[in-house]
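Below is the file entry_10.txt, which contains compact mmCIF, C-alpha atoms and all ligand atoms.
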```
# COMPACT_ATOMS: atom_id res chain seq x y z
CA MET A 154 9.74 21.26 -5.46
CA TYR A 155 7.47 19.97 -8.19
CA ALA A 156 5.81 23.36 -7.89
CA GLN A 157 8.45 26.03 -7.32
CA MET A 158 7.97 29.65 -6.31
CA VAL A 159 4.21 29.73 -6.82
CA LYS A 160 2.86 33.28 -6.87
CA THR A 161 -0.30 34.06 -4.91
CA GLY A 162 -1.16 37.42 -6.43
CA VAL A 163 -1.15 39.06 -2.98
CA ASP A 164 1.35 41.69 -1.87
CA ARG A 165 0.72 41.35 1.84
CA ILE A 166 -1.24 39.23 4.29
CA GLN A 167 -4.66 40.54 5.24
CA SER A 168 -5.51 40.81 8.89
CA SER A 169 -8.72 39.24 10.12
CA GLU A 170 -10.34 42.69 10.47
CA GLU A 171 -9.62 43.54 6.85
CA MET A 172 -11.30 40.40 5.54
CA SER A 173 -14.84 40.31 4.24
CA PRO A 174 -17.23 38.11 6.26
CA GLU A 175 -16.92 35.42 3.57
CA GLU A 176 -13.15 35.55 3.65
CA ARG A 177 -13.11 35.40 7.42
CA ALA A 178 -15.43 32.37 7.50
CA PHE A 179 -13.22 30.72 4.87
CA GLN A 180 -10.05 31.33 6.88
CA GLU A 181 -11.72 30.04 10.03
CA ARG A 182 -12.60 26.78 8.32
CA ILE A 183 -9.02 26.39 7.16
CA ASP A 184 -7.74 27.14 10.66
CA ALA A 185 -10.08 24.44 11.96
CA ASP A 186 -8.66 21.93 9.43
CA ILE A 187 -11.95 21.63 7.57
CA LYS A 188 -11.32 20.72 3.93
CA ILE A 189 -12.42 23.09 1.19
CA GLU A 190 -14.36 21.32 -1.56
CA PRO A 191 -14.75 22.29 -5.23
CA LYS A 192 -18.09 24.06 -5.36
CA GLU A 193 -17.70 25.96 -2.09
CA TRP A 194 -16.98 29.65 -1.91
CA MET A 195 -13.28 30.47 -1.94
CA PRO A 196 -11.25 33.65 -2.46
CA GLU A 197 -10.29 34.14 -6.09
CA ALA A 198 -6.60 34.33 -5.14
CA TYR A 199 -6.81 30.95 -3.37
CA ARG A 200 -8.39 29.38 -6.44
CA LYS A 201 -5.89 30.88 -8.86
CA THR A 202 -2.89 30.03 -6.70
CA LEU A 203 -4.05 26.44 -6.38
CA ILE A 204 -4.53 26.12 -10.14
CA ARG A 205 -0.97 27.37 -10.61
CA GLN A 206 0.44 25.08 -7.95
CA ILE A 207 -1.45 21.91 -8.88
CA SER A 208 -0.93 22.33 -12.61
CA GLN A 209 2.81 22.97 -12.13
CA HIS A 210 2.92 19.85 -10.05
CA ALA A 211 1.04 17.89 -12.75
CA HIS A 212 3.27 19.21 -15.55
CA SER A 213 6.31 18.12 -13.53
CA GLU A 214 4.99 14.57 -13.30
CA ILE A 215 4.38 14.51 -17.05
CA ILE A 216 7.71 16.02 -18.10
CA GLY A 217 9.39 13.97 -15.37
CA MET A 218 8.72 10.84 -17.41
CA GLN A 219 11.25 11.94 -20.03
CA PRO A 220 14.59 11.71 -18.23
CA GLU A 221 13.72 8.22 -16.99
CA GLY A 222 11.99 7.17 -20.19
CA ASN A 223 15.36 7.75 -21.83
CA TRP A 224 16.62 4.53 -20.20
CA ILE A 225 13.66 2.18 -20.60
CA THR A 226 15.01 0.61 -23.77
CA ARG A 227 18.52 0.40 -22.31
CA ALA A 228 17.81 -0.93 -18.82
CA PRO A 229 20.46 -3.52 -17.92
CA THR A 230 18.04 -6.40 -17.28
CA LEU A 231 14.48 -7.33 -18.14
CA GLU A 232 13.53 -6.97 -14.48
CA ARG A 233 15.00 -3.46 -14.25
CA LYS A 234 13.17 -2.58 -17.44
CA ALA A 235 9.82 -3.79 -16.07
CA ILE A 236 10.41 -1.86 -12.82
CA LEU A 237 11.36 1.34 -14.65
CA LEU A 238 8.33 1.03 -16.92
CA ALA A 239 6.06 0.66 -13.90
CA LYS A 240 7.68 3.65 -12.23
CA VAL A 241 7.32 5.87 -15.27
CA GLN A 242 3.72 4.73 -15.70
CA ASP A 243 3.05 5.75 -12.09
CA GLU A 244 4.34 9.24 -12.89
CA ALA A 245 1.87 9.47 -15.78
CA GLY A 246 -0.84 8.47 -13.30
CA HIS A 247 0.30 11.16 -10.86
CA GLY A 248 0.02 13.73 -13.62
CA LEU A 249 -3.51 12.58 -14.39
CA TYR A 250 -4.68 12.63 -10.75
CA LEU A 251 -3.35 16.16 -10.44
CA TYR A 252 -4.83 17.47 -13.67
CA CYS A 253 -8.22 16.24 -12.47
CA ALA A 254 -7.72 18.00 -9.14
CA ALA A 255 -6.84 21.23 -10.99
CA GLU A 256 -9.91 20.91 -13.20
CA THR A 257 -12.21 20.96 -10.17
CA LEU A 258 -11.12 24.60 -9.80
CA GLY A 259 -12.57 25.56 -13.16
CA VAL A 260 -9.67 25.24 -15.59
CA SER A 261 -10.07 22.82 -18.50
CA ARG A 262 -7.71 20.00 -19.45
CA ASP A 263 -7.24 21.52 -22.89
CA GLU A 264 -6.16 24.82 -21.35
CA LEU A 265 -3.67 22.99 -19.16
CA MET A 266 -2.27 21.02 -22.12
CA GLU A 267 -2.03 24.21 -24.12
CA GLN A 268 -0.11 25.94 -21.32
CA LEU A 269 2.33 23.04 -21.15
CA ASN A 270 2.81 22.53 -24.88
CA SER A 271 3.21 26.23 -25.63
CA GLY A 272 6.01 26.49 -23.07
CA LYS A 273 4.02 28.97 -21.00
CA ALA A 274 3.64 26.64 -18.01
CA LYS A 275 6.42 25.97 -15.55
CA TYR A 276 7.51 22.61 -14.28
CA SER A 277 10.17 21.57 -11.80
CA SER A 278 13.73 22.66 -12.61
CA ILE A 279 15.04 19.16 -11.88
CA PHE A 280 13.65 17.60 -15.06
CA ASN A 281 15.81 19.78 -17.27
CA TYR A 282 18.94 17.80 -16.45
CA PRO A 283 20.07 14.93 -18.67
CA THR A 284 20.26 11.25 -17.70
CA LEU A 285 23.71 10.30 -19.00
CA THR A 286 24.20 6.84 -17.49
CA TRP A 287 22.13 4.07 -15.94
CA ALA A 288 23.28 5.28 -12.51
CA ASP A 289 21.27 8.44 -13.10
CA ILE A 290 18.11 6.33 -12.93
CA GLY A 291 19.21 5.20 -9.48
CA ALA A 292 20.05 8.75 -8.43
CA ILE A 293 16.70 10.08 -9.63
CA GLY A 294 14.65 7.53 -7.71
CA TRP A 295 16.73 7.95 -4.59
CA LEU A 296 17.21 11.74 -4.60
CA VAL A 297 14.51 13.27 -6.79
CA ASP A 298 11.66 11.06 -5.65
CA GLY A 299 13.10 11.29 -2.14
CA ALA A 300 12.90 15.08 -2.27
CA ALA A 301 9.41 14.92 -3.77
CA ILE A 302 8.24 12.70 -0.92
CA MET A 303 9.50 15.24 1.65
CA ASN A 304 7.16 17.78 0.12
CA GLN A 305 4.23 15.55 -0.78
CA VAL A 306 3.76 13.82 2.56
CA PRO A 307 2.80 17.04 4.38
CA LEU A 308 0.65 18.11 1.41
CA GLN A 309 -1.65 15.16 2.11
CA ARG A 310 -2.99 17.42 4.87
CA CYS A 311 -3.46 20.46 2.64
CA SER A 312 -6.70 22.40 2.81
CA TYR A 313 -8.11 21.65 -0.63
CA GLY A 314 -9.94 18.30 -0.67
CA PRO A 315 -9.22 17.12 -4.24
CA TYR A 316 -5.52 18.08 -3.96
CA SER A 317 -5.18 16.37 -0.62
CA ARG A 318 -6.81 13.19 -1.94
CA ALA A 319 -4.55 13.17 -5.00
CA MET A 320 -1.54 13.54 -2.69
CA ILE A 321 -2.66 10.58 -0.60
CA ARG A 322 -2.84 8.36 -3.69
CA ILE A 323 0.51 9.64 -4.91
CA CYS A 324 2.31 9.14 -1.61
CA LYS A 325 1.17 5.52 -1.49
CA GLU A 326 3.02 4.96 -4.74
CA GLU A 327 6.12 7.07 -4.16
CA SER A 328 7.97 4.94 -1.67
CA PHE A 329 8.43 2.23 -4.30
CA HIS A 330 10.00 4.89 -6.50
CA GLN A 331 12.58 5.90 -3.96
CA ARG A 332 13.41 2.35 -2.94
CA GLN A 333 13.91 1.10 -6.49
CA GLY A 334 16.32 4.02 -7.02
CA TYR A 335 18.29 3.27 -3.90
CA ASP A 336 18.34 -0.40 -4.88
CA ILE A 337 20.02 0.54 -8.18
CA MET A 338 22.55 2.66 -6.26
CA MET A 339 23.31 -0.19 -3.85
CA LYS A 340 23.90 -2.60 -6.68
CA LEU A 341 26.30 -0.20 -8.39
CA ALA A 342 28.06 0.82 -5.19
CA ARG A 343 28.77 -2.83 -4.41
CA GLY A 344 29.82 -3.60 -7.98
CA THR A 345 33.12 -3.16 -9.82
CA PRO A 346 35.18 0.00 -9.19
CA GLU A 347 33.88 1.34 -12.51
CA GLN A 348 30.28 0.76 -11.43
CA LYS A 349 30.87 2.42 -8.09
CA GLN A 350 32.46 5.35 -9.91
CA MET A 351 29.33 5.58 -12.06
CA ALA A 352 27.18 5.83 -8.94
CA GLN A 353 29.49 8.51 -7.51
CA ASP A 354 29.35 10.47 -10.74
CA ALA A 355 25.53 10.37 -10.73
CA LEU A 356 25.45 11.58 -7.12
CA ASN A 357 27.87 14.39 -8.05
CA ARG A 358 25.64 15.59 -10.82
CA TRP A 359 22.23 15.17 -9.09
CA TRP A 360 23.01 16.35 -5.58
CA TRP A 361 22.85 20.13 -6.09
CA PRO A 362 19.94 20.11 -8.53
CA SER A 363 18.06 18.00 -5.95
CA LEU A 364 18.66 20.62 -3.25
CA MET A 365 17.44 23.27 -5.70
CA MET A 366 14.15 21.41 -6.06
CA PHE A 367 13.00 22.91 -2.77
CA GLY A 368 13.37 26.41 -4.21
CA PRO A 369 15.30 29.40 -2.82
CA SER A 370 14.81 30.41 0.79
CA ASP A 371 11.28 31.70 1.24
CA ALA A 372 11.68 32.93 4.79
CA ASP A 373 10.74 36.45 3.66
CA SER A 374 8.32 35.56 0.88
CA VAL A 375 4.84 36.97 1.20
CA HIS A 376 3.61 34.33 -1.26
CA SER A 377 4.83 31.51 0.93
CA ALA A 378 3.36 33.14 4.00
CA GLN A 379 0.00 33.44 2.27
CA SER A 380 0.14 29.86 0.97
CA MET A 381 0.96 28.63 4.45
CA LYS A 382 -1.93 30.56 5.90
CA TRP A 383 -4.17 28.87 3.33
CA LYS A 384 -2.53 25.52 4.19
CA ILE A 385 -1.61 24.75 0.62
CA LYS A 386 2.03 24.93 1.65
CA ILE A 387 2.94 23.27 4.90
CA ASN A 388 6.69 23.74 5.43
CA SER A 389 9.20 26.37 4.40
CA ASN A 390 11.66 25.57 1.63
CA ASP A 391 14.65 25.72 3.99
CA GLU A 392 12.98 23.45 6.48
CA LEU A 393 12.34 20.76 3.88
CA ARG A 394 15.80 21.12 2.35
CA GLN A 395 17.41 20.64 5.77
CA LYS A 396 15.25 17.60 6.40
CA PHE A 397 16.26 16.16 3.06
CA VAL A 398 19.98 16.67 3.72
CA ASP A 399 19.69 15.15 7.21
CA GLN A 400 17.93 12.11 5.83
CA THR A 401 20.06 11.60 2.74
CA VAL A 402 23.63 12.03 4.00
CA PRO A 403 23.60 8.81 6.08
CA GLN A 404 22.14 6.97 3.07
CA ALA A 405 25.05 8.19 0.94
CA GLU A 406 27.49 7.10 3.63
CA TYR A 407 25.93 3.66 3.68
CA LEU A 408 26.60 3.41 -0.04
CA GLY A 409 30.21 4.46 0.54
CA LEU A 410 29.68 7.48 -1.68
CA THR A 411 30.75 11.06 -1.04
CA VAL A 412 28.29 13.94 -1.11
CA PRO A 413 29.88 16.59 -3.37
CA ASP A 414 29.92 19.37 -0.78
CA PRO A 415 33.19 20.30 0.98
CA ASP A 416 31.23 22.33 3.55
CA LEU A 417 29.02 19.45 4.61
CA ARG A 418 29.46 18.52 8.27
CA TRP A 419 27.40 17.41 11.22
CA ASN A 420 26.56 20.23 13.60
CA ALA A 421 26.02 18.61 16.99
CA GLU A 422 24.77 21.84 18.50
CA ARG A 423 21.99 22.25 15.94
CA GLY A 424 21.39 18.53 15.59
CA HIS A 425 21.53 18.99 11.81
CA TYR A 426 24.02 18.89 8.98
CA ASP A 427 25.49 22.19 7.87
CA PHE A 428 25.87 22.37 4.14
CA GLY A 429 27.33 24.67 1.50
CA ALA A 430 25.61 27.39 -0.49
CA VAL A 431 23.42 26.40 -3.41
CA ASP A 432 24.19 28.07 -6.73
CA TRP A 433 20.89 29.90 -7.20
CA GLU A 434 22.09 31.53 -10.37
CA GLU A 435 22.02 28.10 -11.98
CA PHE A 436 18.51 27.52 -10.66
CA TYR A 437 17.19 30.79 -12.08
CA GLN A 438 18.82 30.00 -15.42
CA VAL A 439 17.11 26.61 -15.53
CA ILE A 440 13.67 27.97 -14.74
CA ALA A 441 14.17 30.75 -17.25
CA GLY A 442 14.45 28.04 -19.91
CA ASN A 443 18.22 27.80 -20.16
CA GLY A 444 18.90 24.49 -18.43
CA PRO A 445 20.70 21.69 -20.28
CA CYS A 446 17.48 20.06 -21.58
CA ASN A 447 14.62 22.60 -21.48
CA ARG A 448 14.25 22.83 -25.24
CA GLN A 449 14.53 19.10 -25.75
CA ARG A 450 11.90 18.37 -23.06
CA LEU A 451 9.38 20.68 -24.65
CA ARG A 452 10.10 19.44 -28.15
CA THR A 453 9.59 15.81 -27.07
CA ARG A 454 6.39 16.73 -25.26
CA VAL A 455 4.89 18.52 -28.29
CA LYS A 456 5.97 15.72 -30.62
CA ALA A 457 4.23 13.11 -28.45
CA TYR A 458 1.10 15.25 -28.38
CA GLU A 459 1.09 15.76 -32.14
CA GLU A 460 1.84 12.14 -32.92
CA GLY A 461 -1.04 11.05 -30.72
CA ARG A 462 -3.46 13.29 -32.53
CA TRP A 463 -4.71 10.64 -34.96
CA VAL A 464 -5.41 8.27 -32.06
CA ARG A 465 -7.51 10.87 -30.29
CA GLU A 466 -9.34 11.69 -33.50
CA ALA A 467 -10.04 8.04 -34.25
CA ALA A 468 -11.37 7.45 -30.73
CA GLU A 469 -13.63 10.48 -31.06
CA ALA A 470 -14.93 9.39 -34.47
CA TYR A 471 -15.65 5.91 -33.15
CA ALA A 472 -17.47 7.28 -30.09
CA ALA A 473 -19.54 9.59 -32.31
CA LYS A 474 -20.42 6.75 -34.67
CA LYS A 475 -21.52 4.50 -31.82
CA ALA A 476 -23.58 7.25 -30.23
CA ALA A 477 -25.30 7.99 -33.55
CA ARG A 478 -26.13 4.30 -34.01
CA ALA A 479 -27.55 4.03 -30.52
CA GLN A 480 -29.67 7.09 -31.17
CA ALA A 481 -30.94 5.73 -34.51
CA LYS A 482 -31.90 2.47 -32.83
CA ALA A 483 -33.79 4.27 -30.08
CA ALA A 484 -35.72 6.39 -32.57
CA MET B 628 -3.36 23.25 -30.40
CA THR B 629 -6.87 23.03 -28.96
CA ASP B 630 -8.66 22.40 -32.21
CA ARG B 631 -10.94 19.71 -30.87
CA LYS B 632 -13.81 19.24 -28.50
CA GLU B 633 -12.62 18.15 -25.07
CA TRP B 634 -13.44 14.58 -24.12
CA PRO B 635 -16.13 14.30 -21.45
CA LEU B 636 -15.11 13.84 -17.83
CA TRP B 637 -15.95 10.51 -16.18
CA GLU B 638 -16.10 9.83 -12.46
CA VAL B 639 -14.54 6.49 -11.56
CA PHE B 640 -15.77 4.10 -8.87
CA ILE B 641 -13.88 0.98 -7.85
CA ARG B 642 -14.94 -1.99 -5.75
CA SER B 643 -12.00 -3.41 -3.82
CA GLN B 644 -11.38 -7.09 -3.18
CA HIS B 645 -13.21 -7.33 0.08
CA GLY B 646 -16.85 -7.09 -0.89
CA LEU B 647 -17.19 -3.40 -0.06
CA ALA B 648 -19.32 -1.03 -2.13
CA HIS B 649 -17.86 0.76 -5.13
CA ARG B 650 -15.98 3.82 -3.93
CA HIS B 651 -15.23 7.02 -5.78
CA VAL B 652 -11.51 7.12 -6.57
CA GLY B 653 -11.14 10.00 -9.01
CA SER B 654 -11.95 11.01 -12.54
CA LEU B 655 -10.57 10.98 -16.06
CA HIS B 656 -11.35 12.10 -19.59
CA ALA B 657 -12.36 9.60 -22.29
CA PRO B 658 -14.34 9.72 -25.53
CA ASP B 659 -16.81 7.03 -24.44
CA ALA B 660 -17.69 4.66 -21.60
CA GLU B 661 -15.72 1.77 -23.00
CA MET B 662 -12.51 3.79 -23.21
CA ALA B 663 -13.23 5.30 -19.81
CA ILE B 664 -13.22 1.83 -18.26
CA LYS B 665 -10.03 0.86 -20.07
CA ASN B 666 -8.31 4.03 -18.96
CA ALA B 667 -9.62 3.67 -15.41
CA ARG B 668 -7.98 0.24 -15.30
CA ASP B 669 -4.61 1.83 -16.06
CA VAL B 670 -5.00 5.00 -14.02
CA TYR B 671 -6.67 3.66 -10.88
CA THR B 672 -5.99 -0.08 -10.56
CA ARG B 673 -2.29 -0.55 -11.26
CA ARG B 674 -1.86 -2.35 -7.93
CA ASN B 675 -4.84 -4.66 -7.68
CA GLU B 676 -6.97 -1.97 -6.08
CA GLY B 677 -10.17 -3.41 -7.46
CA VAL B 678 -12.27 -6.17 -8.94
CA SER B 679 -14.93 -4.00 -10.57
CA ILE B 680 -15.07 -0.55 -12.17
CA TRP B 681 -18.00 1.81 -12.65
CA VAL B 682 -17.69 4.97 -14.72
CA VAL B 683 -20.32 7.69 -14.79
CA LYS B 684 -20.29 10.81 -16.90
CA ALA B 685 -19.63 13.65 -14.49
CA SER B 686 -22.31 15.73 -16.20
CA ASP B 687 -24.89 13.04 -15.34
CA ILE B 688 -24.30 13.33 -11.61
CA ALA B 689 -26.77 15.42 -9.65
CA ALA B 690 -25.18 16.78 -6.49
CA SER B 691 -26.43 18.60 -3.43
CA SER B 692 -25.02 22.09 -3.28
CA PRO B 693 -22.74 23.21 -0.45
CA GLY B 694 -25.28 25.93 0.40
CA GLU B 695 -27.89 23.29 1.22
CA LYS B 696 -25.69 21.69 3.86
CA GLY B 697 -27.63 23.18 6.76
CA PRO B 698 -31.20 22.35 5.73
CA LEU B 699 -30.19 18.89 4.51
CA PHE B 700 -28.04 17.63 7.31
CA ASP B 701 -28.73 19.66 10.43
CA PRO B 702 -32.03 17.89 11.21
CA ALA B 703 -30.11 14.69 11.98
CA ASN B 704 -28.12 16.44 14.70
CA SER B 705 -30.96 16.50 17.19
CA LYS B 706 -31.90 12.85 16.78
CA VAL B 707 -29.47 11.28 19.17
CA TYR B 708 -31.94 8.45 19.88
CA ARG B 709 -30.98 7.02 16.49
CA HIS B 710 -27.70 5.89 17.98
CA PRO B 711 -27.36 2.79 20.17
CA THR B 712 -25.36 4.73 22.74
CA PHE B 713 -28.51 6.73 23.60
CA TYR B 714 -29.90 3.77 25.53
CA GLU B 715 -28.58 2.54 28.80
CA ILE B 716 -28.77 -1.20 29.17
CA PRO B 717 -28.05 -2.71 32.62
CA GLU B 718 -24.59 -4.16 32.80
CA GLU B 719 -25.76 -7.49 34.20
CA LEU B 720 -27.48 -8.18 30.85
CA GLY B 721 -24.12 -8.36 29.13
CA HIS B 722 -23.65 -7.43 25.49
CA MET B 723 -26.59 -6.15 23.49
FE FE A 801 5.26 11.28 -8.99
FE FE A 802 7.78 9.30 -8.20
```
For the file at hand, write its structure as structure tokens.
Amino acid sequence: MYAQMVKTGVDRIQSSEEMSPEERAFQERIDADIKIEPKEWMPEAYRKTLIRQISQHAHSEIIGMQPEGNWITRAPTLERKAILLAKVQDEAGHGLYLYCAAETLGVSRDELMEQLNSGKAKYSSIFNYPTLTWADIGAIGWLVDGAAIMNQVPLQRCSYGPYSRAMIRICKEESFHQRQGYDIMMKLARGTPEQKQMAQDALNRWWWPSLMMFGPSDADSVHSAQSMKWKIKINSNDELRQKFVDQTVPQAEYLGLTVPDPDLRWNAERGHYDFGAVDWEEFYQVIAGNGPCNRQRLRTRVKAYEEGRWVREAAEAYAAKKAARAQAKAA
Amino acid sequence: MTDRKEWPLWEVFIRSQHGLAHRHVGSLHAPDAEMAIKNARDVYTRRNEGVSIWVVKASDIAASSPGEKGPLFDPANSKVYRHPTFYEIPEELGHM
């Protein structure tokens, strides 16, 4: 997902008897679906885990602008260009909502920027794949935003107030993202044989990385169990991945495209699609920094930050000058 | 890379189309109030969410602390007579 394999710092789940009175009261509020708000008492591990999760999510939104930004100047029509611009601008907004939510937990924006720009912070594996053709923009909206929605909709109910509110804003904007992607795919799938082939090629390349977005199976992960107990993770990775496959396969069929998985078939008994094994070695390589675009993404990010420096400095100088004038007048 | 002072945090309030009060929508960093309003336009009103923006420096907001919740709000619990449903009005009178 946009935050993958978030560590909680715990090695096992505490029983109610082992908890301190504060911890027990905290867990009871979570069990009763009462939101936790910034200045309230919370276990240190909850706070730290949330900072990791929310900031990873924010970094993903910010880096996620790059693969799509790659096609803004080459969009096939003015309308497609305006739509793509609006979509990418939304992703910037999502990053900003989430950074603010993370900051309520006591981390500063500068620290978060530093973690991202130094390469220390993680972001979703999916954004380290290249966008080779215009069809990739369709595939990203349809599959990547589609997968993100699967995860973000339940997170609207998460236990931390600022994160939940950010998710509500984000979800309102996401469905446009997925639809504009599918719209691009429909256009291509109904176009010339070459255009349809382009759509098929994009699906071939984005399908498996999209399934990887949900992260490896966490059925036995103590971190996931803890995060679920805290209600900052709502569904298991396998559950969401299955839901995504079930939802997406008919959409691919409608387009007349083939999902690149020879093992994919409907299982009437389970009421779900069975699908082939994900290549987790590839996933681990990508999050270790060895995906096709990791270095390029970071380089672009740092370059944008550095090239914006004079703008930030000018704005600061102007604000300082105005404040000094106002003070002189008041004196 | 953090060789500068962080911009102050601003809380953003938006009034929607329908004559409701300004509502808190989120926050952002900006060097001054003017830039905060400009940025709030882009971050929080990309879809006609509002007709008016307020920004307030977060450090200028005084807030009740979570620990005060009991003393501040519990006294209202016992004052059920403040609600219209406390009073029984004969049905034959119709709506009141
Ligand atoms: Fe997003
Ligand atoms: Fe999106």
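Pocket residues of ligand FE 801 (chain A), taken as those with any atom at most 6 Å away using only C-alpha atoms and all ligand atoms, are Glu214, Glu244 and His247 of chain A.
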Kindly compile the residues surrounding ligand FE 802 (chain A) within 10 Å, counting only C-alpha atoms and all ligand atoms, and format them as a PDB file with C-alpha atoms, in the coordinates of the input.
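File out.pdb, as written:
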```pdb
ATOM      1  CA  GLU A 214       4.990  14.570 -13.300  1.00  0.00           C
ATOM      2  CA  GLY A 217       9.390  13.970 -15.370  1.00  0.00           C
ATOM      3  CA  MET A 218       8.720  10.840 -17.410  1.00  0.00           C
ATOM      4  CA  LYS A 240       7.680   3.650 -12.230  1.00  0.00           C
ATOM      5  CA  VAL A 241       7.320   5.870 -15.270  1.00  0.00           C
ATOM      6  CA  GLN A 242       3.720   4.730 -15.700  1.00  0.00           C
ATOM      7  CA  ASP A 243       3.050   5.750 -12.090  1.00  0.00           C
ATOM      8  CA  GLU A 244       4.340   9.240 -12.890  1.00  0.00           C
ATOM      9  CA  ALA A 245       1.870   9.470 -15.780  1.00  0.00           C
ATOM     10  CA  HIS A 247       0.300  11.160 -10.860  1.00  0.00           C
ATOM     11  CA  ILE A 293      16.700  10.080  -9.630  1.00  0.00           C
ATOM     12  CA  GLY A 294      14.650   7.530  -7.710  1.00  0.00           C
ATOM     13  CA  TRP A 295      16.730   7.950  -4.590  1.00  0.00           C
ATOM     14  CA  VAL A 297      14.510  13.270  -6.790  1.00  0.00           C
ATOM     15  CA  ASP A 298      11.660  11.060  -5.650  1.00  0.00           C
ATOM     16  CA  GLY A 299      13.100  11.290  -2.140  1.00  0.00           C
ATOM     17  CA  ALA A 300      12.900  15.080  -2.270  1.00  0.00           C
ATOM     18  CA  ALA A 301       9.410  14.920  -3.770  1.00  0.00           C
ATOM     19  CA  ILE A 302       8.240  12.700  -0.920  1.00  0.00           C
ATOM     20  CA  ILE A 323       0.510   9.640  -4.910  1.00  0.00           C
ATOM     21  CA  CYS A 324       2.310   9.140  -1.610  1.00  0.00           C
ATOM     22  CA  GLU A 326       3.020   4.960  -4.740  1.00  0.00           C
ATOM     23  CA  GLU A 327       6.120   7.070  -4.160  1.00  0.00           C
ATOM     24  CA  SER A 328       7.970   4.940  -1.670  1.00  0.00           C
ATOM     25  CA  PHE A 329       8.430   2.230  -4.300  1.00  0.00           C
ATOM     26  CA  HIS A 330      10.000   4.890  -6.500  1.00  0.00           C
ATOM     27  CA  GLN A 331      12.580   5.900  -3.960  1.00  0.00           C
TER      28      GLN A 331
END
```
Exercise for the section: Give the residues of chain B that lie within 9 Å of chain A; count all atoms listed in the file, and format the answer as an MDAnalysis selection string. Expected result: chainID B and resid 628:629 631:634 652:660 662 669:671 673 692:694
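Atom CA of Trp637 of chain B is found 8.2 Å from atom CA of Ser686 of chain B.
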Practice task
Would you mind telling me which residue in A:His210, A:Arg310, A:Lys325, A:Arg478 lies nearest to Arg674 of chain B when using all atoms listed in the file?
Solution key: A:Lys325
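With only C-alpha atoms as the atoms that count, the residue of B:Ile664, B:Val707, B:Met723, B:Glu718 with the shortest distance to Trp681 of chain B is B:Ile664.
Of the listed residues (B:Phe700, B:Glu719, B:Glu638, B:Ala685), B:Glu638 comes nearest to Ala667 of chain B; the distances count only C-alpha atoms.
You can rank A:Pro415, A:Pro362, A:Pro283, A:Gly442 by their closest distance to Gln219 of chain A using all atoms listed in the file, and at the top of that list sits A:Pro283.
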